[in-house]
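*Asks:* If it helps, the file is called run.txt and holds compact mmCIF, C-alpha atoms:
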# COMPACT_ATOMS: atom_id res chain seq x y z
CA MET X 79 166.70 -18.42 33.37
CA THR X 80 163.80 -20.81 33.13
CA MET X 81 164.21 -22.10 29.57
CA THR X 82 166.62 -24.59 28.12
CA THR X 83 169.04 -23.31 25.47
CA THR X 84 167.09 -25.10 22.73
CA GLN X 85 163.85 -23.46 23.87
CA SER X 86 165.53 -20.04 23.92
CA ILE X 87 166.81 -20.58 20.40
CA ILE X 88 163.33 -21.56 19.20
CA ILE X 89 161.87 -18.38 20.74
CA ILE X 90 164.54 -16.22 19.11
CA VAL X 91 164.01 -17.92 15.74
CA CYS X 92 160.25 -17.28 16.02
CA VAL X 93 160.88 -13.60 16.77
CA VAL X 94 163.29 -13.39 13.81
CA LEU X 95 160.68 -15.03 11.55
CA GLY X 96 157.90 -12.71 12.74
CA THR X 97 160.12 -9.68 12.19
CA MET X 98 161.25 -10.84 8.75
CA VAL X 99 157.68 -11.50 7.61
CA THR X 100 156.89 -7.83 8.31
CA ARG X 101 159.97 -6.70 6.36
CA PHE X 102 159.81 -9.02 3.35
CA LEU X 103 156.07 -9.42 2.86
CA PRO X 104 155.45 -6.17 0.92
CA PHE X 105 158.26 -7.02 -1.51
CA LEU X 106 156.93 -10.56 -2.02
CA ILE X 107 153.28 -9.70 -2.59
CA PHE X 108 153.66 -6.42 -4.47
CA PRO X 109 156.61 -7.15 -6.76
CA GLU X 110 155.68 -4.68 -9.50
CA GLY X 111 154.32 -1.85 -7.40
CA LYS X 112 150.84 -3.36 -7.31
CA GLU X 113 148.59 -1.36 -4.96
CA PRO X 114 148.17 -3.21 -1.61
CA PRO X 115 144.63 -3.61 -0.19
CA GLU X 116 143.24 -0.63 1.66
CA PHE X 117 142.93 -2.67 4.87
CA ILE X 118 146.71 -3.26 4.97
CA LEU X 119 147.58 0.32 4.02
CA HIS X 120 145.36 1.63 6.81
CA LEU X 121 146.91 -0.73 9.37
CA GLY X 122 150.39 0.30 8.26
CA LYS X 123 149.47 3.89 9.01
CA VAL X 124 147.79 3.50 12.40
CA LEU X 125 149.40 0.43 13.99
CA PRO X 126 152.76 2.08 14.73
CA TYR X 127 150.97 4.48 17.07
CA ALA X 128 148.85 1.82 18.76
CA VAL X 129 151.67 -0.66 19.27
CA ILE X 130 153.68 1.67 21.48
CA GLY X 131 150.66 2.00 23.77
CA LEU X 132 150.41 -1.79 23.83
CA LEU X 133 154.10 -2.09 24.70
CA ILE X 134 153.83 0.39 27.58
CA ILE X 135 150.98 -1.66 29.05
CA TYR X 136 153.02 -4.83 28.41
CA CYS X 137 155.91 -3.37 30.44
CA LEU X 138 153.58 -2.48 33.29
CA LYS X 139 151.53 -5.69 33.27
CA ASP X 140 152.89 -7.11 36.53
CA VAL X 141 152.92 -3.85 38.45
CA SER X 142 149.72 -4.52 40.40
CA THR X 143 151.21 -7.68 41.97
CA SER X 144 154.60 -6.15 42.77
CA GLY X 145 153.71 -4.95 46.27
CA THR X 146 154.42 -1.26 45.73
CA TYR X 147 151.11 -0.54 43.97
CA GLY X 148 152.90 0.79 40.92
CA LEU X 149 154.09 3.90 42.76
CA PRO X 150 157.76 3.83 41.63
CA GLU X 151 156.59 3.20 38.05
CA ALA X 152 154.09 6.08 38.19
CA ILE X 153 156.64 8.50 39.65
CA ALA X 154 159.30 7.54 37.10
CA ILE X 155 156.88 7.83 34.16
CA LEU X 156 155.70 11.26 35.30
CA PHE X 157 159.33 12.29 35.63
CA ILE X 158 160.06 11.09 32.08
CA VAL X 159 157.09 13.01 30.70
CA PHE X 160 158.21 16.15 32.53
CA LEU X 161 161.87 15.78 31.53
CA HIS X 162 160.98 15.06 27.93
CA LYS X 163 158.58 17.99 27.62
CA TRP X 164 161.23 20.23 29.17
CA LYS X 165 164.48 19.16 27.47
CA LYS X 166 163.12 17.24 24.46
CA HIS X 167 166.15 14.99 24.53
CA THR X 168 165.27 11.34 23.91
CA LEU X 169 168.37 9.74 25.41
CA LEU X 170 168.39 12.04 28.45
CA SER X 171 164.75 11.21 29.18
CA ILE X 172 165.33 7.45 28.90
CA GLY X 173 168.50 7.55 30.98
CA GLY X 174 167.10 9.93 33.61
CA GLY X 175 163.88 7.96 34.00
CA THR X 176 165.70 4.65 34.37
CA VAL X 177 168.16 6.00 36.94
CA LEU X 178 165.34 7.55 38.97
CA TYR X 179 163.40 4.28 38.88
CA MET X 180 166.45 2.30 39.99
CA LEU X 181 167.06 4.70 42.89
CA LEU X 182 163.39 4.47 43.89
CA VAL X 183 163.19 0.67 43.95
CA GLN X 184 166.59 0.29 45.59
CA MET X 185 166.40 2.98 48.25
CA VAL X 186 162.87 4.17 48.82
CA PHE X 187 160.48 1.27 48.27
CA MET T 68 182.00 3.53 -6.51
CA LYS T 69 181.65 1.80 -3.18
CA LYS T 70 184.08 4.17 -1.45
CA LYS T 71 182.18 7.21 -2.69
CA ALA T 72 178.87 5.76 -1.51
CA PHE T 73 180.38 4.94 1.88
CA LYS T 74 181.69 8.49 2.30
CA ALA T 75 178.29 9.91 1.37
CA ALA T 76 176.42 7.58 3.73
CA LEU T 77 178.60 7.95 6.84
CA PRO T 78 177.64 11.51 7.92
CA HIS T 79 173.93 10.70 7.71
CA THR T 80 174.36 7.81 10.12
CA LEU T 81 176.38 9.62 12.80
CA PRO T 82 173.37 10.85 14.83
CA ILE T 83 172.01 7.29 14.69
CA CYS T 84 175.41 6.07 15.87
CA VAL T 85 175.14 8.03 19.13
CA GLY T 86 171.61 6.85 19.79
CA PHE T 87 172.25 3.23 18.88
CA LEU T 88 175.41 2.98 20.95
CA PHE T 89 173.61 4.36 23.99
CA LEU T 90 170.50 2.21 23.60
CA GLY T 91 172.52 -0.81 22.48
CA VAL T 92 174.79 -0.58 25.51
CA SER T 93 171.75 -0.27 27.81
CA TYR T 94 170.16 -3.26 26.10
CA GLY T 95 173.27 -5.44 26.31
CA PHE T 96 173.90 -4.42 29.91
CA MET T 97 170.31 -5.17 30.86
CA MET T 98 170.50 -8.61 29.20
CA ARG T 99 173.68 -9.42 31.13
CA SER T 100 172.23 -8.21 34.43
CA ARG T 101 169.22 -10.48 33.85
CA GLY T 102 171.52 -13.47 33.53
CA PHE T 103 172.09 -13.84 29.79
CA SER T 104 175.54 -14.51 28.31
CA PHE T 105 176.83 -11.85 25.89
CA VAL T 106 176.14 -14.31 23.07
CA TYR T 107 172.40 -13.57 23.42
CA PRO T 108 172.49 -9.82 22.78
CA LEU T 109 175.13 -10.39 20.08
CA PHE T 110 172.99 -12.80 18.07
CA MET T 111 169.68 -11.13 18.88
CA SER T 112 170.90 -7.72 17.75
CA MET T 113 172.35 -9.29 14.61
CA PHE T 114 169.42 -11.47 13.59
CA ILE T 115 166.31 -9.81 15.00
CA PHE T 116 167.67 -6.28 14.51
CA ALA T 117 164.52 -4.53 15.69
CA GLY T 118 165.23 -2.64 18.90
CA SER T 119 161.88 -2.67 20.69
CA MET T 120 161.30 -6.33 19.89
CA GLU T 121 164.71 -7.27 21.26
CA PHE T 122 163.85 -5.72 24.61
CA VAL T 123 160.54 -7.57 24.57
CA THR T 124 162.27 -10.84 23.63
CA ALA T 125 164.34 -10.60 26.82
CA ASN T 126 161.04 -10.80 28.71
CA LEU T 127 159.76 -13.64 26.52
CA LEU T 128 162.90 -15.65 27.26
CA LEU T 129 162.32 -15.25 30.98
CA SER T 130 158.66 -16.32 30.93
CA ALA T 131 156.92 -19.56 29.92
CA PHE T 132 157.93 -21.22 26.62
CA ASN T 133 155.43 -20.15 23.94
CA PRO T 134 156.81 -19.92 20.38
CA LEU T 135 153.53 -19.04 18.65
CA TYR T 136 152.99 -16.13 21.02
CA ALA T 137 156.55 -14.94 20.34
CA PHE T 138 155.91 -15.07 16.58
CA LEU T 139 152.60 -13.20 16.81
CA LEU T 140 154.04 -10.57 19.13
CA ALA T 141 156.93 -9.99 16.72
CA LEU T 142 154.46 -9.62 13.83
CA MET T 143 152.40 -7.09 15.73
CA VAL T 144 155.24 -5.07 17.24
CA ASN T 145 156.96 -4.89 13.86
CA ALA T 146 153.85 -4.42 11.72
CA ARG T 147 155.05 -0.88 10.96
CA HIS T 148 157.71 -2.44 8.71
CA LEU T 149 154.92 -3.41 6.30
CA PHE T 150 154.35 0.26 5.78
CA TYR T 151 158.07 0.96 5.36
CA GLY T 152 158.29 -1.85 2.81
CA ILE T 153 155.40 -0.46 0.82
CA SER T 154 157.09 2.95 0.78
CA MET T 155 160.40 1.45 -0.37
CA LEU T 156 159.09 -0.81 -3.16
CA GLU T 157 160.25 1.66 -5.79
CA LYS T 158 163.51 2.78 -4.18
CA TYR T 159 164.81 -0.74 -3.56
CA LYS T 160 164.12 -1.73 -7.18
CA ASN T 161 167.14 -2.65 -9.32
CA THR T 162 169.55 -2.85 -6.40
CA GLY T 163 170.59 -6.39 -7.35
CA PHE T 164 171.93 -8.75 -4.73
CA LYS T 165 171.96 -5.93 -2.18
CA LYS T 166 168.17 -5.89 -2.13
CA PHE T 167 167.94 -8.86 0.24
CA TYR T 168 170.13 -7.15 2.81
CA LEU T 169 168.40 -3.78 2.36
CA ILE T 170 165.08 -5.39 3.27
CA TYR T 171 166.55 -7.55 6.02
CA GLY T 172 168.18 -4.57 7.76
CA MET T 173 165.34 -2.09 7.36
CA CYS T 174 164.93 -0.79 10.92
CA ASP T 175 163.13 2.48 11.71
CA GLU T 176 166.23 4.66 11.62
CA THR T 177 167.57 3.14 8.40
CA PHE T 178 164.18 3.55 6.79
CA SER T 179 163.99 7.20 7.81
CA ILE T 180 167.33 7.94 6.11
CA ASN T 181 166.85 5.80 3.00
CA CYS T 182 163.36 7.14 2.50
CA THR T 183 164.18 10.84 2.82
CA VAL T 184 167.82 11.34 1.79
CA ASP T 185 168.83 11.47 -1.85
CA PRO T 186 172.49 10.58 -2.40
CA PRO T 187 174.57 13.35 -3.97
CA GLU T 188 175.13 13.49 -7.71
CA GLY T 189 177.29 10.66 -9.02
CA VAL T 190 176.80 8.37 -6.01
CA ASP T 191 175.18 5.01 -6.64
CA ARG T 192 171.85 4.90 -4.78
CA GLY T 193 171.98 1.15 -4.16
CA TRP T 194 175.39 1.26 -2.49
CA PHE T 195 174.48 4.42 -0.58
CA MET T 196 171.43 2.73 0.94
CA PHE T 197 173.47 -0.42 1.52
CA PHE T 198 176.03 1.44 3.62
CA VAL T 199 173.38 3.34 5.56
CA THR T 200 171.80 -0.01 6.46
CA LEU T 201 175.12 -1.70 7.24
CA LEU T 202 176.56 1.14 9.35
CA ASN T 203 173.40 1.40 11.45
CA GLN T 204 173.41 -2.33 12.07
CA ILE T 205 177.09 -2.27 13.04
CA TYR T 206 176.42 0.49 15.61
CA TRP T 207 173.57 -1.48 17.12
CA VAL T 208 175.34 -4.85 17.29
CA ALA T 209 178.52 -3.22 18.63
CA GLY T 210 176.55 -1.33 21.29
CA ALA T 211 174.59 -4.38 22.42
CA THR T 212 177.68 -6.58 22.61
CA ALA T 213 179.76 -3.92 24.35
CA GLY T 214 176.97 -3.38 26.88
CA ALA T 215 176.82 -7.08 27.70
CA LEU T 216 180.61 -7.30 28.01
CA LEU T 217 180.60 -4.28 30.33
CA GLY T 218 178.12 -6.23 32.42
CA TYR T 219 180.87 -8.76 33.19
CA VAL T 220 183.27 -6.07 34.42
CA ILE T 221 181.11 -3.48 36.11
CA HIS T 222 179.16 -4.64 39.12
CA PHE T 223 176.61 -2.55 40.94
CA ASP T 224 173.07 -3.07 42.10
CA THR T 225 171.16 -3.27 38.84
CA THR T 226 167.73 -3.80 40.42
CA GLY T 227 165.23 -1.93 38.30
CA ILE T 228 167.39 -1.64 35.17
CA GLU T 229 164.70 -3.40 33.13
CA PHE T 230 162.76 -0.13 33.43
CA VAL T 231 164.91 1.15 30.54
CA MET T 232 162.44 -0.65 28.27
CA THR T 233 159.42 1.12 29.79
CA ALA T 234 161.27 4.45 29.61
CA LEU T 235 162.07 3.86 25.94
CA PHE T 236 158.44 3.20 25.07
CA VAL T 237 157.14 6.14 27.11
CA VAL T 238 159.51 8.49 25.26
CA MET T 239 158.54 6.98 21.90
CA PHE T 240 154.90 7.47 22.86
CA ILE T 241 155.43 11.17 23.65
CA ASN T 242 157.41 11.70 20.43
CA GLN T 243 154.66 10.08 18.37
CA TRP T 244 151.96 11.97 20.26
CA GLU T 245 153.61 15.28 19.40
CA GLU T 246 154.08 14.54 15.72
CA ALA T 247 150.60 13.09 15.14
CA ARG T 248 147.51 15.18 14.54
CA ASP T 249 145.13 12.27 15.10
CA HIS T 250 145.62 10.87 18.61
CA ARG T 251 142.99 8.15 18.26
CA PRO T 252 145.41 5.38 17.15
CA ALA T 253 147.64 5.95 20.18
CA LEU T 254 144.62 6.00 22.51
CA VAL T 255 143.18 2.86 20.92
CA GLY T 256 146.46 1.05 21.58
CA LEU T 257 146.70 2.19 25.16
CA GLY T 258 142.97 1.73 25.90
CA CYS T 259 142.43 -1.70 24.32
CA SER T 260 145.56 -3.04 26.01
CA ALA T 261 144.61 -1.68 29.43
CA ILE T 262 141.06 -3.03 29.21
CA CYS T 263 142.29 -6.45 28.04
CA LEU T 264 144.85 -6.53 30.86
CA LEU T 265 142.05 -5.97 33.39
CA LEU T 266 139.79 -8.56 31.72
CA PHE T 267 142.25 -11.33 30.90
CA GLY T 268 145.11 -10.84 33.36
CA SER T 269 148.80 -10.34 32.69
CA SER T 270 149.52 -13.81 31.21
CA TYR T 271 146.83 -13.80 28.53
CA PHE T 272 146.03 -10.21 27.60
CA ILE T 273 148.38 -9.62 24.65
CA ILE T 274 146.54 -11.61 21.98
CA PRO T 275 143.06 -10.26 22.85
CA ALA T 276 144.63 -6.79 22.92
CA MET T 277 146.10 -7.25 19.41
CA VAL T 278 142.81 -8.57 18.05
CA SER T 279 140.77 -5.76 19.58
CA ILE T 280 143.19 -3.10 18.30
CA ILE T 281 142.96 -4.45 14.75
CA LEU T 282 139.15 -4.72 15.00
CA CYS T 283 138.89 -1.11 16.23
CA PHE T 284 140.93 0.14 13.27
CA GLU T 285 138.98 -1.91 10.74
CA LEU T 286 135.70 -0.65 12.20
CA GLN T 287 136.97 2.93 12.12
CA ARG T 288 138.08 2.56 8.48
CA ARG T 289 134.69 1.20 7.43
CA MET T 290 132.79 3.93 9.26
CA GLU T 291 134.90 6.63 7.66
CA LYS T 292 134.41 5.06 4.26
CA ARG T 293 130.66 5.01 4.76
CA LYS T 294 130.71 8.66 5.82
CA GLU T 295 132.58 9.55 2.65
CA THR T 296 130.11 7.74 0.42
CA VAL T 297 127.20 9.42 2.17
CA LYS T 298 128.83 12.82 1.61
CA SER T 299 129.45 12.26 -2.08
Please express the file's structure as structure tokens.

*Replies:*
Amino acid sequence: MTMTTTQSIIIIVCVVLGTMVTRFLPFLIFPEGKEPPEFILHLGKVLPYAVIGLLIIYCLKDVSTSGTYGLPEAIAILFIVFLHKWKKHTLLSIGGGTVLYMLLVQMVF
Amino acid sequence: MKKKAFKAALPHTLPICVGFLFLGVSYGFMMRSRGFSFVYPLFMSMFIFAGSMEFVTANLLLSAFNPLYAFLLALMVNARHLFYGISMLEKYKNTGFKKFYLIYGMCDETFSINCTVDPPEGVDRGWFMFFVTLLNQIYWVAGATAGALLGYVIHFDTTGIEFVMTALFVVMFINQWEEARDHRPALVGLGCSAICLLLFGSSYFIIPAMVSIILCFELQRRMEKRKETVKS
């Protein structure tokens, strides 16, 4: 670990604050069921879809410098897509994809 | 009254229990294998209580110290809660002192139950929603802590276990893709982020990606509005 304990605690507190703002804000600014601005309503509808895309890219951000050209990641993701389309079982897809990735980076690459 | 509400809430949370224990254990185990004491997943699952963001926070803790970035990332990743909150304004009304906890513990799974399930006749809605929230949080915290503790006992080569986070998001992406009719939001998220990663590099791309995603959506909203006014 690169951070001191105090720094880690500050990071966690910031994440807690950010999360709590998103949970409490609607109840603070619309106490009596006042209609929120259209801009916010629209973001609430579309952001959930966009953020997952952002998070996937975030997970893969250091792939190009990892020395394997992203091959194990690509294979594991394709496998997850295939497994999920086939069995439609969320936990199986996550578990299967992770195990395959671990085998790939430990034994093949 | 409380007992009745608890009995009514429990069966609705059982499917969540299985999922949360599995994911929680993976999360705790991953934290331990990346060098964190079990105290980290315990407190993070208790206080952050937003699954995806907890995985991301593990990464934040292992990179350079940047609190503002952590705050903004949490806002963005959890922005969907704004929408949940807006949907629950009415339902959480008149729940008294429980309201604070109901809002605090409103994760995706809890929202999906509290938003769609009506408690049976004679069961107090406030306590019903309270127990749904509480039970789900207990499953998650227990899973995360148990996973980290397992990490002390079980030793095997855990290289690559952090991929559980990528796998989780890929599966969430597919699930969302299949339930949505409009795929543009998902593509905007993926596209803007990928372009910003190429332009700004892996250390700086997140904030430009967030800004460009929000700009795209605002632009799209205005264009659609204009189209509507032209039509009418």

*Asks:* Would you list which chain X residues are within 6 Å of chain T using all atoms listed in the file, as a list in words?

*Replies:*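 Only these qualify: Met79, Ile89, Cys92, Val93, Val94, Gly96, Thr97, Thr100, Arg101, Pro104, Gly122, Val124, Pro126, Tyr127, Ala128, Val129, Gly131, Leu132, Ile134, Cys137, Lys139, Ile172, Thr176 and Met180 of chain X.
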
*Asks:* Let me see the file: selected residues, C-alpha atoms, as a CSV table (one decimal), in the frame of the given file.

*Replies:*
chain,number,residue,atom,x,y,z
X,79,MET,CA,166.7,-18.4,33.4
X,89,ILE,CA,161.9,-18.4,20.7
X,92,CYS,CA,160.2,-17.3,16.0
X,93,VAL,CA,160.9,-13.6,16.8
X,94,VAL,CA,163.3,-13.4,13.8
X,96,GLY,CA,157.9,-12.7,12.7
X,97,THR,CA,160.1,-9.7,12.2
X,100,THR,CA,156.9,-7.8,8.3
X,101,ARG,CA,160.0,-6.7,6.4
X,104,PRO,CA,155.4,-6.2,0.9
X,122,GLY,CA,150.4,0.3,8.3
X,124,VAL,CA,147.8,3.5,12.4
X,126,PRO,CA,152.8,2.1,14.7
X,127,TYR,CA,151.0,4.5,17.1
X,128,ALA,CA,148.8,1.8,18.8
X,129,VAL,CA,151.7,-0.7,19.3
X,131,GLY,CA,150.7,2.0,23.8
X,132,LEU,CA,150.4,-1.8,23.8
X,134,ILE,CA,153.8,0.4,27.6
X,137,CYS,CA,155.9,-3.4,30.4
X,139,LYS,CA,151.5,-5.7,33.3
X,172,ILE,CA,165.3,7.4,28.9
X,176,THR,CA,165.7,4.6,34.4
X,180,MET,CA,166.4,2.3,40.0

*Asks:* Step by step: start from the point (174.8, -7.0, 20.7) in the file's coordinates, keep every protein, DNA or RNA residue that has an atom no farther than 12 Å from it, count only C-alpha atoms, and write the set as a ChimeraX atom specification.

*Replies:* /T:87-99,103-118,121-122,204-217

*Asks:* Just to confirm, what's the straight-line distance from CA of Phe197 (chain T) to CA of Asp185 (chain T) in Å (one decimal)?

*Replies:*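 Taking CA of Phe197 (chain T) as the start and CA of Asp185 (chain T) as the end point, the length is 13.2 Å.
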
*Asks:* Quote the spacing between CA of Gln184 (chain X) and CA of Thr80 (chain X) in Å to one decimal place.

*Replies:*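 Distance reported for this atom pair: 24.7 Å.
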
*Asks:* One number please: CA of Pro150 (chain X) to CA of Val177 (chain X), in Å, one decimal.

*Replies:*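 Between these atoms lies a distance of 11.6 Å.
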